[in-house]
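Student: Take a look at the following structure, please.
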Amino acid sequence: MNSISPCLWFDDNLEEAATFYTKIFPNSSVGNILRYNDAGPGEAGKAMAGDFTLDGLEFRGINGGPEHATFTEAISFSIACQDQSEVDYYWDSLVDGGEESVCGWLKDRFGLSWQIVPTRLYELVSDPNPARASAATQAMLGMRKIVVADMEAAADAVAPPA
């Protein structure tokens with residue numbers, strides 16, 4: 001059976017990245033790591049490519065070097081979070097050594113972009129009351145990490161929930 005899995009291009013830190021990610025996500029593991037041998041082109045013993053699983057999703061990675069590709073926001077991984085504690089956990093874990101962006105986006109220490117999105121965000125920005133939806137959206141646009149209570153407070157300040 002065919003399957004599709006993301007393949008990520010790292011400079012030379014595939015093993016470090018796989019270990020970092022598998023410590024954050026449940027149901028995760030590092031799989032087979034292929035290593036360069038004396039034939040090259042990389043240093044014998046260094047990781048060339050490998051597999052890892054994050055919360056049941058299989059990934060492939062290669063150490064391709066910096067000359068061909070870098071991560072951009074054009075590709076990101078979105079994590080749907082049930083509550084603020086999940087948002088906080090994934091945000092704090094993934095941004096460690098990386099950088100915050102806006103509206104729930106961040107780049108991790110390897111430059112990979114993530115969206116940390118509470119399911120409540122979608123409910124608030126699609127509220128049937130357009131004033132509440134707009135207020136929640138405006139609040140979100142001013143955030144880095146999404147804080148559900150602040151979005152709810154902005155919506156409630158305009159009109160009480162229905």
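Quick note on naming: the chains in the structure tokens go A, B, ... in the order shown, residues restart at 1 in each chain, and ligands are numbered from 1 in order of appearance.
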For range 132-142 of chain A, please output as a list in words all residues within 8 Å (counting only C-alpha atoms; exclusion window: fewer than 2 positions along the same chain).
Tutor: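 Counting only the stated atoms, we get Val102, Cys103, Leu124, Val125, Ser126, Asp127, Pro128, Asn129, Pro130, Arg144, Ile146, Asp150, Met151, Glu152, Ala154, Ala155, Asp156, Val158 and Ala159 of chain A.
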Student: Near Ser29 in chain A, within 8 Å and counting only C-alpha atoms, which residues show up once chain neighbours fewer than 3 positions away are dropped, as a list in words?
Tutor: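 Non-adjacent residues within range: Thr22, Phe52, Thr53 and Leu54 of chain A.
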Student: Limited to N, CA, C and O atoms, could you put the picked residues into a file as a PDB file, in the first residue's frame?
Tutor:
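Result file is selection10.pdb:
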ATOM      1  N   THR A  22      10.424  13.972  19.021  1.00  0.00           N
ATOM      2  CA  THR A  22       9.832  12.782  19.633  1.00  0.00           C
ATOM      3  C   THR A  22       9.709  12.908  21.149  1.00  0.00           C
ATOM      4  O   THR A  22       8.915  12.192  21.760  1.00  0.00           O
ATOM      5  N   PHE A  52      11.159   9.063  11.406  1.00  0.00           N
ATOM      6  CA  PHE A  52      10.666   9.238  12.762  1.00  0.00           C
ATOM      7  C   PHE A  52       9.164   9.399  12.712  1.00  0.00           C
ATOM      8  O   PHE A  52       8.592   9.747  11.679  1.00  0.00           O
ATOM      9  N   THR A  53       8.523   9.100  13.818  1.00  0.00           N
ATOM     10  CA  THR A  53       7.068   9.169  13.926  1.00  0.00           C
ATOM     11  C   THR A  53       6.706  10.166  15.013  1.00  0.00           C
ATOM     12  O   THR A  53       7.265  10.125  16.108  1.00  0.00           O
ATOM     13  N   LEU A  54       5.779  11.062  14.677  1.00  0.00           N
ATOM     14  CA  LEU A  54       5.279  12.044  15.643  1.00  0.00           C
ATOM     15  C   LEU A  54       3.784  11.844  15.799  1.00  0.00           C
ATOM     16  O   LEU A  54       3.026  12.042  14.841  1.00  0.00           O
TER      17      LEU A  54
END
Student: Please give the complete set of residues from range 17-111 of chain A that DSSP, run on the backbone, assigns to strand (DSSP E), formatted as an MDAnalysis selection string.
Tutor: chainID A and resid 29:35 47:54 57:63 76:81 99:100 105:107
Student: Quick one: pull the distance between CA of Ile24 in chain A and CA of Trp105 in chain A, Å, one decimal.
Tutor: 16.9 Å
Student: Give me, please, the distance in Å between CA of Asp83 in chain A and CA of Leu121 in chain A, quoted to one decimal.
Tutor: 10.1 Å
Student: I'd like the contact shell of range 45-50 of chain A - 9 Å cut-off, only C-alpha atoms, skipping same-chain residues fewer than 5 positions apart - returned as a ChimeraX atom specification.
Tutor: /A:12-15,18,30-38,59-64
Student: What is the CA of Asp51 in chain A-CA of Phe110 in chain A distance in Å, reported with one decimal?
Tutor: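 CA of Phe110 in chain A lies 16.6 Å from CA of Asp51 in chain A.
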Student: What parts of range 2-122 of chain A does DSSP call alpha helix (DSSP H)? I'd like the answer as an MDAnalysis selection string.
Tutor: chainID A and resid 14:24 84:95 119:122
Student: Save out the residues we just selected, N, CA, C and O atoms, as a compact mmCIF listing (two decimals), in the first residue's frame.
Tutor:
# COMPACT_ATOMS: atom_id res chain seq x y z
N LEU A 14 19.49 16.19 11.46
CA LEU A 14 18.31 15.34 11.43
C LEU A 14 18.13 14.57 12.74
O LEU A 14 17.04 14.56 13.31
N GLU A 15 19.18 13.94 13.23
CA GLU A 15 19.05 13.15 14.47
C GLU A 15 18.65 14.03 15.65
O GLU A 15 17.81 13.65 16.46
N GLU A 16 19.26 15.19 15.76
CA GLU A 16 18.91 16.11 16.85
C GLU A 16 17.45 16.53 16.74
O GLU A 16 16.72 16.56 17.74
N ALA A 17 17.00 16.85 15.53
CA ALA A 17 15.62 17.26 15.33
C ALA A 17 14.65 16.12 15.66
O ALA A 17 13.66 16.32 16.36
N ALA A 18 14.94 14.92 15.17
CA ALA A 18 14.06 13.78 15.43
C ALA A 18 13.94 13.51 16.93
O ALA A 18 12.85 13.27 17.44
N THR A 19 15.05 13.60 17.63
CA THR A 19 15.04 13.39 19.08
C THR A 19 14.25 14.50 19.77
O THR A 19 13.43 14.24 20.67
N PHE A 20 14.45 15.75 19.36
CA PHE A 20 13.72 16.90 19.92
C PHE A 20 12.22 16.71 19.74
O PHE A 20 11.45 16.80 20.71
N TYR A 21 11.78 16.43 18.53
CA TYR A 21 10.35 16.30 18.26
C TYR A 21 9.73 15.10 18.98
O TYR A 21 8.62 15.20 19.50
N THR A 22 10.42 13.97 19.02
CA THR A 22 9.83 12.78 19.63
C THR A 22 9.71 12.91 21.15
O THR A 22 8.92 12.19 21.76
N LYS A 23 10.45 13.81 21.75
CA LYS A 23 10.29 14.07 23.19
C LYS A 23 9.06 14.92 23.47
O LYS A 23 8.53 14.92 24.58
N ILE A 24 8.60 15.67 22.48
CA ILE A 24 7.47 16.58 22.66
C ILE A 24 6.14 15.89 22.43
O ILE A 24 5.19 16.08 23.19
N GLN A 84 -6.20 25.50 26.58
CA GLN A 84 -5.05 26.39 26.74
C GLN A 84 -3.82 25.66 27.25
O GLN A 84 -2.70 25.98 26.86
N SER A 85 -4.01 24.65 28.10
CA SER A 85 -2.84 23.94 28.60
C SER A 85 -2.11 23.22 27.47
O SER A 85 -0.88 23.16 27.47
N GLU A 86 -2.84 22.68 26.50
CA GLU A 86 -2.18 22.07 25.34
C GLU A 86 -1.48 23.13 24.50
O GLU A 86 -0.37 22.91 24.02
N VAL A 87 -2.13 24.27 24.30
CA VAL A 87 -1.49 25.37 23.56
C VAL A 87 -0.18 25.74 24.23
O VAL A 87 0.87 25.84 23.59
N ASP A 88 -0.23 25.95 25.54
CA ASP A 88 0.96 26.34 26.29
C ASP A 88 2.06 25.28 26.17
O ASP A 88 3.23 25.62 25.96
N TYR A 89 1.69 24.01 26.31
CA TYR A 89 2.68 22.94 26.24
C TYR A 89 3.38 22.91 24.89
O TYR A 89 4.61 22.92 24.82
N TYR A 90 2.61 22.86 23.81
CA TYR A 90 3.22 22.76 22.49
C TYR A 90 3.97 24.04 22.12
O TYR A 90 5.05 23.99 21.54
N TRP A 91 3.39 25.18 22.47
CA TRP A 91 4.06 26.45 22.18
C TRP A 91 5.41 26.52 22.89
O TRP A 91 6.45 26.76 22.27
N ASP A 92 5.39 26.32 24.20
CA ASP A 92 6.61 26.44 24.99
C ASP A 92 7.66 25.40 24.57
O ASP A 92 8.85 25.71 24.51
N SER A 93 7.23 24.19 24.25
CA SER A 93 8.16 23.14 23.85
C SER A 93 8.79 23.42 22.50
O SER A 93 10.01 23.31 22.33
N LEU A 94 7.98 23.81 21.53
CA LEU A 94 8.49 23.99 20.18
C LEU A 94 9.23 25.31 19.97
O LEU A 94 10.16 25.37 19.17
N VAL A 95 8.86 26.35 20.69
CA VAL A 95 9.53 27.64 20.50
C VAL A 95 10.88 27.70 21.22
O VAL A 95 11.70 28.56 20.93
N THR A 119 -8.84 24.74 19.34
CA THR A 119 -10.09 24.56 18.60
C THR A 119 -11.08 25.69 18.92
O THR A 119 -11.89 26.06 18.08
N ARG A 120 -10.97 26.26 20.10
CA ARG A 120 -11.87 27.36 20.49
C ARG A 120 -11.68 28.58 19.60
O ARG A 120 -12.62 29.35 19.39
N LEU A 121 -10.49 28.76 19.04
CA LEU A 121 -10.24 29.89 18.14
C LEU A 121 -11.25 29.89 16.99
O LEU A 121 -11.84 30.92 16.67
N TYR A 122 -11.46 28.73 16.37
CA TYR A 122 -12.38 28.64 15.24
C TYR A 122 -13.81 28.98 15.65
O TYR A 122 -14.54 29.61 14.90
Student: Which residue is closest to Ala69 in chain A? Choose from A:Ile116, A:Phe10, A:Ser101, A:Pro41 and count only C-alpha atoms.
Tutor: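 Among the listed residues, A:Phe10 lies closest to Ala69 in chain A.
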Student: Using only C-alpha atoms, find the one residue out of A:Leu57, A:Ala149, A:Phe25, A:Gly42 that sits nearest to Ile4 in chain A.
Tutor: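 With only C-alpha atoms as the atom set, the closest residue is A:Leu57.
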Student: Nearest residue to Gly104 in chain A out of A:Ala80, A:Ile75, A:Met143, A:Glu58, using only C-alpha atoms?
Tutor: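 Selected residue with least distance to Gly104 in chain A: A:Met143.
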Student: Ranking A:Asp108, A:Ala162, A:Lys145, A:Asp11 by minimum distance to Pro66 in chain A and counting only C-alpha atoms, which one comes first?
Tutor: A:Asp11
